[in-house]
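Right, one structure below, let's go through it.
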Amino acid sequence: MAAVLRKLIQGRLPALAGVLCRRSGNEGHLFLNSSGSTLMQPRCGYSSPTESVIVEMDKATGVALLKLNIPPVNSLSLPLLTELAIVLDKLEMDKHCRGLILTSAVPNIFSAGLNLFDMMDKPNEHYSEFWRAVQEIWIKLYGSSLANIAAINGSSPAGGCLLALCSDYRIMANNPHFTIGLNETRLGIVAPFWFKDTLLNTVGKRTTEISLNLGALYSPTEALSLHLVDRLVPETQLLSAATEEMGRWLQVPDHARQITKSMIRKSTLEGLLNQREADIKNFVEFISRDSIQKSLQFYAQSLQKQKQHIHPPSSSCRQQISSVTFARSPWYSLIQRS
Ligand SMILES: CCCCCCCC/C=C\CC(=O)SCCNC(=O)CCNC(=O)[C@H](O)C(C)(C)COP(=O)(O)OP(=O)(O)OC[C@H]1O[C@@H](n2cnc3c(N)ncnc32)[C@H](O)[C@@H]1OP(=O)(O)O
């Protein structure tokens with residue numbers, strides 16, 4: 001363990017170095033008010049200039065509420081990932097901040113995952129920069145020293161699901177129209193090994209095999225039964241439930257929780273930290289293939305076409321089409337041939 005700590009502090013694991021080096025001045029207990037709803041103070045100075053990442057810091061408890069705010073679907077574009085990284089760094093460095101609740105300011109959507117247009121029809125330099133930014137967010141969130149709770153208030157496919165999986169605890173709004181999962185294979189792309197490892201660490205091998213191979217998107221009830229999420233609550237109670245749950249996590253002294261978390265996540269994080277450049281190279285090589293570009297273009301167009309053909313295009317409708325019709329479409333054969 002001493003060697004691990006030394007390696008972390010020497011910077012071989014920069015994300016987790018934060019876990020061990022940051023001051024945990026607040027090792028006592030956190031007391032929440034009973035409703036949990038009046039704890040958030042007016043916004044502090046963390047929010048991005050464009051307000052695409054809104055942060056409300058409760059100075060009394062040290063809990064930051066971070067809301068993704070890029071309508072219509074909180075897709076994770078390069079600018080959003082860059083801003084999110086800056087905000088996460090600031091929170092990590094703030095010695096008064098102990099916990100982070102991640103949610104969305106966009107109704108019915110937690111995050112639609114990676115921005116498809118950042119992976120389409122761009123020069124390789126862009127793909128490379130984009131993928132580095134995706135890696136960076138995963139490293140910061142999965143290796144965060146903060147207690148991290150995801151309040152999943154909408155659909156959360158692919159990269160959106162990954163964001164939630166980085167948390168220590170996931171609470172989802174119990175709305176049957178919402179779905180969550182790593183659906184990459186349905187787009188003709190492949191979840192990278194560190195997406196797979198994050199899922200594997202959460203739900204185990206068999207569920208990972210089935211979920212990743214099928215690109216399954218689950219309803220909240222299904223997700224709960226697979227331990228993809230930890231708790232379901234009515235939508236109106238999501239934030240108070242997350243705040244209350246955070247109280248439980250912050251009752252544990254920070255240093256003990258942080259070292260425990262780093263022990264559990266260290267080897268998974270090292271998996272990427274030890275080969276970031278190779279992973280970027282793989283991504284660029286994969287995503288720039290003509291066959292993959294065709295699949296993505298077809299998928300992006302079909303999202304728009306569905307809107308033209310189905311009125312009104314409810315999320316539940318869209319999800320059913322994504323999951324069922326796509327498997328029989330010409331697009332699917334295209335992927336099979338690629
Ligand atoms: C060897 C290593 C290889 C590595 C390979 C790469 C690995 C990549 C890993 C992760 C990939 C991803 O995260 S890919 C993104 C996957 N996301 C999805 O499949 C979600 C697609 N979207 C939806 O299912 C739905 O939009 C929704 C359920 C999220 C919301 O439905 P709703 O009906 O409310 O909204 P619309 O569908 O009408 O969408 C509104 C608007 O947003 C556009 N949109 C949707 N998703 C994205 C996205 N991910 N990126 C960019 N834009 C998106 C959609 O087209 C609509 O646009 P228009 O208004 O212009 O029509």
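Ordering of the structure tokens sets the chain letters (A, B, ...), residue numbers begin anew at 1 in every chain, and ligands are numbered from 1 in the order given.
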Checklist entry - Given a cut-off of 6 Å, what residues near ligand 1 show up using only C-alpha atoms and all ligand atoms, put as number ranges by chain? => result A: 72-73, 75, 112-117, 155, 157-159, 184, 189-192, 282-283, 286, 300, 303-304, 313-315, 318
With a distance cut-off of 12 Å and only C-alpha atoms, select the neighbouring residues of A:Asn69, excluding the residue or stretch itself and same-chain residues fewer than 3 positions from it, and output the selection as a PDB file with all heavy atoms, in the first residue's frame.
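Writing the result to around_3.pdb gives the following:
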```
ATOM      1  N   SER A  47     -19.358  28.358 -12.185  1.00  0.00           N
ATOM      2  CA  SER A  47     -20.063  28.096 -13.436  1.00  0.00           C
ATOM      3  C   SER A  47     -19.264  28.609 -14.625  1.00  0.00           C
ATOM      4  O   SER A  47     -18.559  29.596 -14.541  1.00  0.00           O
ATOM      5  CB  SER A  47     -21.436  28.743 -13.420  1.00  0.00           C
ATOM      6  OG  SER A  47     -22.187  28.147 -12.398  1.00  0.00           O
ATOM      7  N   SER A  48     -19.400  27.889 -15.734  1.00  0.00           N
ATOM      8  CA  SER A  48     -18.654  28.277 -16.919  1.00  0.00           C
ATOM      9  C   SER A  48     -19.242  29.561 -17.468  1.00  0.00           C
ATOM     10  O   SER A  48     -20.409  29.863 -17.233  1.00  0.00           O
ATOM     11  CB  SER A  48     -18.759  27.156 -17.948  1.00  0.00           C
ATOM     12  OG  SER A  48     -20.109  26.962 -18.272  1.00  0.00           O
ATOM     13  N   THR A  50     -20.308  30.334 -20.273  1.00  0.00           N
ATOM     14  CA  THR A  50     -21.476  30.155 -21.136  1.00  0.00           C
ATOM     15  C   THR A  50     -22.631  29.489 -20.392  1.00  0.00           C
ATOM     16  O   THR A  50     -23.672  29.222 -20.982  1.00  0.00           O
ATOM     17  CB  THR A  50     -21.117  29.269 -22.336  1.00  0.00           C
ATOM     18  OG1 THR A  50     -20.575  28.051 -21.817  1.00  0.00           O
ATOM     19  CG2 THR A  50     -20.123  29.934 -23.246  1.00  0.00           C
ATOM     20  N   GLU A  51     -22.422  29.193 -19.130  1.00  0.00           N
ATOM     21  CA  GLU A  51     -23.465  28.536 -18.327  1.00  0.00           C
ATOM     22  C   GLU A  51     -23.824  27.161 -18.855  1.00  0.00           C
ATOM     23  O   GLU A  51     -24.919  26.675 -18.611  1.00  0.00           O
ATOM     24  CB  GLU A  51     -24.736  29.403 -18.264  1.00  0.00           C
ATOM     25  CG  GLU A  51     -24.520  30.730 -17.610  1.00  0.00           C
ATOM     26  CD  GLU A  51     -24.620  30.669 -16.089  1.00  0.00           C
ATOM     27  OE1 GLU A  51     -25.726  30.416 -15.592  1.00  0.00           O
ATOM     28  OE2 GLU A  51     -23.609  30.860 -15.415  1.00  0.00           O
ATOM     29  N   SER A  52     -22.924  26.552 -19.594  1.00  0.00           N
ATOM     30  CA  SER A  52     -23.232  25.198 -20.052  1.00  0.00           C
ATOM     31  C   SER A  52     -22.995  24.192 -18.933  1.00  0.00           C
ATOM     32  O   SER A  52     -23.471  23.063 -18.999  1.00  0.00           O
ATOM     33  CB  SER A  52     -22.424  24.845 -21.296  1.00  0.00           C
ATOM     34  OG  SER A  52     -21.068  25.095 -21.076  1.00  0.00           O
ATOM     35  N   VAL A  53     -22.249  24.606 -17.941  1.00  0.00           N
ATOM     36  CA  VAL A  53     -22.091  23.791 -16.735  1.00  0.00           C
ATOM     37  C   VAL A  53     -22.432  24.698 -15.551  1.00  0.00           C
ATOM     38  O   VAL A  53     -21.697  25.629 -15.248  1.00  0.00           O
ATOM     39  CB  VAL A  53     -20.640  23.276 -16.598  1.00  0.00           C
ATOM     40  CG1 VAL A  53     -20.512  22.412 -15.362  1.00  0.00           C
ATOM     41  CG2 VAL A  53     -20.207  22.504 -17.831  1.00  0.00           C
ATOM     42  N   ILE A  54     -23.548  24.434 -14.931  1.00  0.00           N
ATOM     43  CA  ILE A  54     -23.988  25.285 -13.820  1.00  0.00           C
ATOM     44  C   ILE A  54     -23.597  24.610 -12.506  1.00  0.00           C
ATOM     45  O   ILE A  54     -23.832  23.415 -12.326  1.00  0.00           O
ATOM     46  CB  ILE A  54     -25.527  25.464 -13.853  1.00  0.00           C
ATOM     47  CG1 ILE A  54     -25.950  26.145 -15.152  1.00  0.00           C
ATOM     48  CG2 ILE A  54     -26.018  26.240 -12.638  1.00  0.00           C
ATOM     49  CD1 ILE A  54     -27.465  26.171 -15.363  1.00  0.00           C
ATOM     50  N   VAL A  55     -22.987  25.380 -11.618  1.00  0.00           N
ATOM     51  CA  VAL A  55     -22.632  24.806 -10.315  1.00  0.00           C
ATOM     52  C   VAL A  55     -23.265  25.629  -9.200  1.00  0.00           C
ATOM     53  O   VAL A  55     -23.116  26.850  -9.170  1.00  0.00           O
ATOM     54  CB  VAL A  55     -21.102  24.793 -10.091  1.00  0.00           C
ATOM     55  CG1 VAL A  55     -20.770  24.154  -8.751  1.00  0.00           C
ATOM     56  CG2 VAL A  55     -20.409  24.055 -11.206  1.00  0.00           C
ATOM     57  N   LEU A  66     -23.935  20.102  -9.628  1.00  0.00           N
ATOM     58  CA  LEU A  66     -23.451  20.446 -10.971  1.00  0.00           C
ATOM     59  C   LEU A  66     -24.504  20.013 -11.990  1.00  0.00           C
ATOM     60  O   LEU A  66     -24.882  18.844 -12.044  1.00  0.00           O
ATOM     61  CB  LEU A  66     -22.129  19.708 -11.187  1.00  0.00           C
ATOM     62  CG  LEU A  66     -21.281  20.079 -12.401  1.00  0.00           C
ATOM     63  CD1 LEU A  66     -19.841  19.706 -12.159  1.00  0.00           C
ATOM     64  CD2 LEU A  66     -21.788  19.398 -13.639  1.00  0.00           C
ATOM     65  N   PRO A  72     -30.314  20.729 -26.915  1.00  0.00           N
ATOM     66  CA  PRO A  72     -31.507  20.004 -26.466  1.00  0.00           C
ATOM     67  C   PRO A  72     -31.206  18.717 -25.688  1.00  0.00           C
ATOM     68  O   PRO A  72     -32.070  18.238 -24.982  1.00  0.00           O
ATOM     69  CB  PRO A  72     -32.206  19.650 -27.786  1.00  0.00           C
ATOM     70  CG  PRO A  72     -31.091  19.542 -28.786  1.00  0.00           C
ATOM     71  CD  PRO A  72     -30.037  20.529 -28.351  1.00  0.00           C
ATOM     72  N   VAL A  73     -29.954  18.168 -25.800  1.00  0.00           N
ATOM     73  CA  VAL A  73     -29.780  16.823 -25.235  1.00  0.00           C
ATOM     74  C   VAL A  73     -28.505  16.653 -24.401  1.00  0.00           C
ATOM     75  O   VAL A  73     -28.122  15.538 -24.068  1.00  0.00           O
ATOM     76  CB  VAL A  73     -29.833  15.737 -26.353  1.00  0.00           C
ATOM     77  CG1 VAL A  73     -31.219  15.610 -26.942  1.00  0.00           C
ATOM     78  CG2 VAL A  73     -28.789  15.988 -27.444  1.00  0.00           C
ATOM     79  N   ASN A  74     -27.844  17.780 -24.034  1.00  0.00           N
ATOM     80  CA  ASN A  74     -26.585  17.668 -23.264  1.00  0.00           C
ATOM     81  C   ASN A  74     -25.599  16.718 -23.938  1.00  0.00           C
ATOM     82  O   ASN A  74     -24.963  15.892 -23.266  1.00  0.00           O
ATOM     83  CB  ASN A  74     -26.842  17.161 -21.837  1.00  0.00           C
ATOM     84  CG  ASN A  74     -27.305  18.256 -20.896  1.00  0.00           C
ATOM     85  OD1 ASN A  74     -27.060  19.435 -21.151  1.00  0.00           O
ATOM     86  ND2 ASN A  74     -27.979  17.868 -19.822  1.00  0.00           N
ATOM     87  N   SER A  75     -25.459  16.841 -25.254  1.00  0.00           N
ATOM     88  CA  SER A  75     -24.455  15.964 -25.879  1.00  0.00           C
ATOM     89  C   SER A  75     -23.070  16.482 -25.492  1.00  0.00           C
ATOM     90  O   SER A  75     -22.848  17.686 -25.343  1.00  0.00           O
ATOM     91  CB  SER A  75     -24.642  15.913 -27.397  1.00  0.00           C
ATOM     92  OG  SER A  75     -24.325  17.149 -27.971  1.00  0.00           O
ATOM     93  N   LEU A  76     -22.148  15.548 -25.315  1.00  0.00           N
ATOM     94  CA  LEU A  76     -20.837  15.889 -24.782  1.00  0.00           C
ATOM     95  C   LEU A  76     -19.918  16.314 -25.934  1.00  0.00           C
ATOM     96  O   LEU A  76     -19.227  15.493 -26.530  1.00  0.00           O
ATOM     97  CB  LEU A  76     -20.269  14.697 -24.012  1.00  0.00           C
ATOM     98  CG  LEU A  76     -21.173  14.192 -22.863  1.00  0.00           C
ATOM     99  CD1 LEU A  76     -20.663  12.880 -22.302  1.00  0.00           C
ATOM    100  CD2 LEU A  76     -21.277  15.243 -21.761  1.00  0.00           C
ATOM    101  N   LEU A  80     -18.043  21.484 -24.347  1.00  0.00           N
ATOM    102  CA  LEU A  80     -18.651  21.118 -23.061  1.00  0.00           C
ATOM    103  C   LEU A  80     -17.667  20.306 -22.218  1.00  0.00           C
ATOM    104  O   LEU A  80     -17.506  20.545 -21.013  1.00  0.00           O
ATOM    105  CB  LEU A  80     -19.953  20.328 -23.277  1.00  0.00           C
ATOM    106  CG  LEU A  80     -20.620  19.828 -21.985  1.00  0.00           C
ATOM    107  CD1 LEU A  80     -21.004  20.985 -21.061  1.00  0.00           C
ATOM    108  CD2 LEU A  80     -21.857  18.984 -22.266  1.00  0.00           C
ATOM    109  N   GLU A  83     -15.066  22.621 -20.728  1.00  0.00           N
ATOM    110  CA  GLU A  83     -15.568  23.426 -19.604  1.00  0.00           C
ATOM    111  C   GLU A  83     -15.798  22.565 -18.369  1.00  0.00           C
ATOM    112  O   GLU A  83     -15.500  22.967 -17.241  1.00  0.00           O
ATOM    113  CB  GLU A  83     -16.868  24.123 -20.016  1.00  0.00           C
ATOM    114  CG  GLU A  83     -16.603  25.231 -21.017  1.00  0.00           C
ATOM    115  CD  GLU A  83     -17.851  26.028 -21.358  1.00  0.00           C
ATOM    116  OE1 GLU A  83     -18.836  25.948 -20.600  1.00  0.00           O
ATOM    117  OE2 GLU A  83     -17.821  26.712 -22.380  1.00  0.00           O
ATOM    118  N   LEU A  84     -16.310  21.392 -18.617  1.00  0.00           N
ATOM    119  CA  LEU A  84     -16.570  20.489 -17.496  1.00  0.00           C
ATOM    120  C   LEU A  84     -15.251  20.139 -16.784  1.00  0.00           C
ATOM    121  O   LEU A  84     -15.185  20.095 -15.549  1.00  0.00           O
ATOM    122  CB  LEU A  84     -17.266  19.227 -18.025  1.00  0.00           C
ATOM    123  CG  LEU A  84     -17.751  18.210 -17.005  1.00  0.00           C
ATOM    124  CD1 LEU A  84     -18.677  18.830 -15.973  1.00  0.00           C
ATOM    125  CD2 LEU A  84     -18.472  17.045 -17.707  1.00  0.00           C
ATOM    126  N   LEU A 102     -24.161  15.237  -9.554  1.00  0.00           N
ATOM    127  CA  LEU A 102     -24.172  15.512 -10.992  1.00  0.00           C
ATOM    128  C   LEU A 102     -25.572  15.271 -11.540  1.00  0.00           C
ATOM    129  O   LEU A 102     -26.145  14.189 -11.352  1.00  0.00           O
ATOM    130  CB  LEU A 102     -23.169  14.576 -11.683  1.00  0.00           C
ATOM    131  CG  LEU A 102     -23.020  14.711 -13.195  1.00  0.00           C
ATOM    132  CD1 LEU A 102     -22.500  16.096 -13.577  1.00  0.00           C
ATOM    133  CD2 LEU A 102     -22.073  13.637 -13.723  1.00  0.00           C
ATOM    134  N   THR A 103     -26.124  16.293 -12.210  1.00  0.00           N
ATOM    135  CA  THR A 103     -27.470  16.156 -12.762  1.00  0.00           C
ATOM    136  C   THR A 103     -27.566  16.991 -14.045  1.00  0.00           C
ATOM    137  O   THR A 103     -26.553  17.466 -14.554  1.00  0.00           O
ATOM    138  CB  THR A 103     -28.527  16.542 -11.705  1.00  0.00           C
ATOM    139  OG1 THR A 103     -29.813  16.132 -12.164  1.00  0.00           O
ATOM    140  CG2 THR A 103     -28.543  18.033 -11.415  1.00  0.00           C
ATOM    141  N   SER A 104     -28.784  17.149 -14.542  1.00  0.00           N
ATOM    142  CA  SER A 104     -28.966  17.881 -15.797  1.00  0.00           C
ATOM    143  C   SER A 104     -29.987  19.002 -15.599  1.00  0.00           C
ATOM    144  O   SER A 104     -30.963  18.845 -14.876  1.00  0.00           O
ATOM    145  CB  SER A 104     -29.483  16.902 -16.859  1.00  0.00           C
ATOM    146  OG  SER A 104     -30.101  17.599 -17.907  1.00  0.00           O
ATOM    147  N   ALA A 105     -29.728  20.115 -16.295  1.00  0.00           N
ATOM    148  CA  ALA A 105     -30.695  21.210 -16.273  1.00  0.00           C
ATOM    149  C   ALA A 105     -31.682  21.080 -17.432  1.00  0.00           C
ATOM    150  O   ALA A 105     -32.603  21.886 -17.564  1.00  0.00           O
ATOM    151  CB  ALA A 105     -29.959  22.544 -16.360  1.00  0.00           C
ATOM    152  N   VAL A 106     -31.478  20.073 -18.289  1.00  0.00           N
ATOM    153  CA  VAL A 106     -32.347  19.893 -19.464  1.00  0.00           C
ATOM    154  C   VAL A 106     -33.433  18.867 -19.123  1.00  0.00           C
ATOM    155  O   VAL A 106     -33.107  17.734 -18.756  1.00  0.00           O
ATOM    156  CB  VAL A 106     -31.517  19.391 -20.675  1.00  0.00           C
ATOM    157  CG1 VAL A 106     -32.401  19.155 -21.885  1.00  0.00           C
ATOM    158  CG2 VAL A 106     -30.401  20.382 -20.997  1.00  0.00           C
ATOM    159  N   PRO A 107     -34.687  19.244 -19.250  1.00  0.00           N
ATOM    160  CA  PRO A 107     -35.756  18.314 -18.870  1.00  0.00           C
ATOM    161  C   PRO A 107     -35.691  16.999 -19.663  1.00  0.00           C
ATOM    162  O   PRO A 107     -35.436  17.012 -20.878  1.00  0.00           O
ATOM    163  CB  PRO A 107     -37.043  19.071 -19.225  1.00  0.00           C
ATOM    164  CG  PRO A 107     -36.649  20.501 -19.345  1.00  0.00           C
ATOM    165  CD  PRO A 107     -35.194  20.530 -19.715  1.00  0.00           C
ATOM    166  N   ILE A 109     -33.592  14.727 -20.096  1.00  0.00           N
ATOM    167  CA  ILE A 109     -32.325  14.204 -20.636  1.00  0.00           C
ATOM    168  C   ILE A 109     -31.228  14.405 -19.600  1.00  0.00           C
ATOM    169  O   ILE A 109     -30.994  15.535 -19.156  1.00  0.00           O
ATOM    170  CB  ILE A 109     -31.882  14.970 -21.909  1.00  0.00           C
ATOM    171  CG1 ILE A 109     -32.965  15.012 -22.983  1.00  0.00           C
ATOM    172  CG2 ILE A 109     -30.583  14.371 -22.463  1.00  0.00           C
ATOM    173  CD1 ILE A 109     -33.191  13.731 -23.720  1.00  0.00           C
ATOM    174  N   PHE A 110     -30.560  13.334 -19.225  1.00  0.00           N
ATOM    175  CA  PHE A 110     -29.355  13.474 -18.403  1.00  0.00           C
ATOM    176  C   PHE A 110     -28.209  13.857 -19.354  1.00  0.00           C
ATOM    177  O   PHE A 110     -27.687  14.960 -19.274  1.00  0.00           O
ATOM    178  CB  PHE A 110     -29.084  12.158 -17.666  1.00  0.00           C
ATOM    179  CG  PHE A 110     -27.905  12.208 -16.735  1.00  0.00           C
ATOM    180  CD1 PHE A 110     -27.955  12.940 -15.559  1.00  0.00           C
ATOM    181  CD2 PHE A 110     -26.741  11.507 -17.023  1.00  0.00           C
ATOM    182  CE1 PHE A 110     -26.854  12.983 -14.691  1.00  0.00           C
ATOM    183  CE2 PHE A 110     -25.647  11.537 -16.172  1.00  0.00           C
ATOM    184  CZ  PHE A 110     -25.712  12.279 -15.001  1.00  0.00           C
ATOM    185  N   SER A 111     -27.868  12.976 -20.267  1.00  0.00           N
ATOM    186  CA  SER A 111     -26.950  13.334 -21.358  1.00  0.00           C
ATOM    187  C   SER A 111     -27.104  12.318 -22.482  1.00  0.00           C
ATOM    188  O   SER A 111     -27.172  11.112 -22.238  1.00  0.00           O
ATOM    189  CB  SER A 111     -25.505  13.351 -20.878  1.00  0.00           C
ATOM    190  OG  SER A 111     -24.627  13.340 -21.995  1.00  0.00           O
TER     191      SER A 111
END
```
Sorted per-residue table, stretch 232-285 of chain A near stretch 162-183 of chain A, closest atoms and distance, 10 Å, only C-alpha atoms, as CSV:
```
residue,atom,partner,partner_atom,distance
A:Leu232,CA,A:Met172,CA,5.0
A:Val233,CA,A:Ala173,CA,5.3
A:Pro234,CA,A:Asn174,CA,5.3
A:Glu235,CA,A:Ala173,CA,4.6
A:Thr236,CA,A:Ala173,CA,8.1
A:Gln237,CA,A:Ala173,CA,8.1
A:Leu238,CA,A:Ala173,CA,6.2
A:Leu239,CA,A:Ile171,CA,9.1
A:Ala241,CA,A:Ile171,CA,7.8
A:Ala242,CA,A:Ile171,CA,6.8
A:Glu245,CA,A:Tyr169,CA,8.5
A:Met246,CA,A:Tyr169,CA,9.0
A:Trp249,CA,A:Asp168,CA,9.1
A:Lys261,CA,A:Asp168,CA,8.8
```
Item to check | Between atom CA of A:Ser144 and atom CA of A:Met57 - distance in Å to one decimal | outcome: 17.0 Å
Checklist entry - as an MDAnalysis selection string, which residues of stretch 79-123 of chain A does DSSP assign to strand (DSSP E or B)? => result chainID A and resid 99:104 108:109 114
Expected file contents, prior selection, N, CA and C atoms, as a JSON list (two decimals), in the first residue's frame:
```json
[["chain", "number", "residue", "atom", "x", "y", "z"],
["A", 99, "GLY", "N", -18.35, 17.05, -1.69],
["A", 99, "GLY", "CA", -19.24, 16.17, -2.45],
["A", 99, "GLY", "C", -19.76, 16.85, -3.70],
["A", 100, "LEU", "N", -20.10, 16.01, -4.66],
["A", 100, "LEU", "CA", -20.58, 16.51, -5.95],
["A", 100, "LEU", "C", -21.83, 15.73, -6.35],
["A", 101, "ILE", "N", -22.88, 16.46, -6.67],
["A", 101, "ILE", "CA", -24.08, 15.82, -7.22],
["A", 101, "ILE", "C", -24.17, 16.22, -8.69],
["A", 102, "LEU", "N", -24.16, 15.24, -9.55],
["A", 102, "LEU", "CA", -24.17, 15.51, -10.99],
["A", 102, "LEU", "C", -25.57, 15.27, -11.54],
["A", 103, "THR", "N", -26.12, 16.29, -12.21],
["A", 103, "THR", "CA", -27.47, 16.16, -12.76],
["A", 103, "THR", "C", -27.57, 16.99, -14.05],
["A", 104, "SER", "N", -28.78, 17.15, -14.54],
["A", 104, "SER", "CA", -28.97, 17.88, -15.80],
["A", 104, "SER", "C", -29.99, 19.00, -15.60],
["A", 108, "ASN", "N", -35.85, 15.92, -18.97],
["A", 108, "ASN", "CA", -35.96, 14.57, -19.56],
["A", 108, "ASN", "C", -34.68, 13.97, -20.14],
["A", 109, "ILE", "N", -33.59, 14.73, -20.10],
["A", 109, "ILE", "CA", -32.32, 14.20, -20.64],
["A", 109, "ILE", "C", -31.23, 14.40, -19.60],
["A", 114, "LEU", "N", -21.74, 11.16, -26.17],
["A", 114, "LEU", "CA", -20.79, 11.96, -26.95],
["A", 114, "LEU", "C", -21.50, 12.62, -28.12]]
```
Checklist entry - Quick one: DSSP alpha helix (DSSP H) residues in stretch 32-256 of chain A, as a count of residues only? => result 85
Checklist entry - Which value, in Å to one decimal, gives the distance between atom CA of A:Ile152 and atom CA of A:Thr82? => result 21.5 Å
Checklist entry - Quick one: of A:Thr243, A:Asn124, A:Gln297, A:Thr202, who's nearest to A:Thr61, counting only C-alpha atoms? => result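 For A:Thr61, the nearest of the given residues is A:Thr243.
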Checklist entry - Pick from A:Ile259, A:Ala133, A:Leu146, A:Leu272: nearest to A:Asp197, with only C-alpha atoms counted? => result A:Leu272
Checklist entry - Between A:Pro79, A:Ala85, A:Asp290, A:Glu285, which has the minimum distance to A:Ile139 (counting only C-alpha atoms)? => result A:Ala85
Next on the checklist: Just the number, please: distance in Å from atom CA of A:Gln251 to atom CA of A:His96, one decimal.
Outcome noted: 15.1 Å
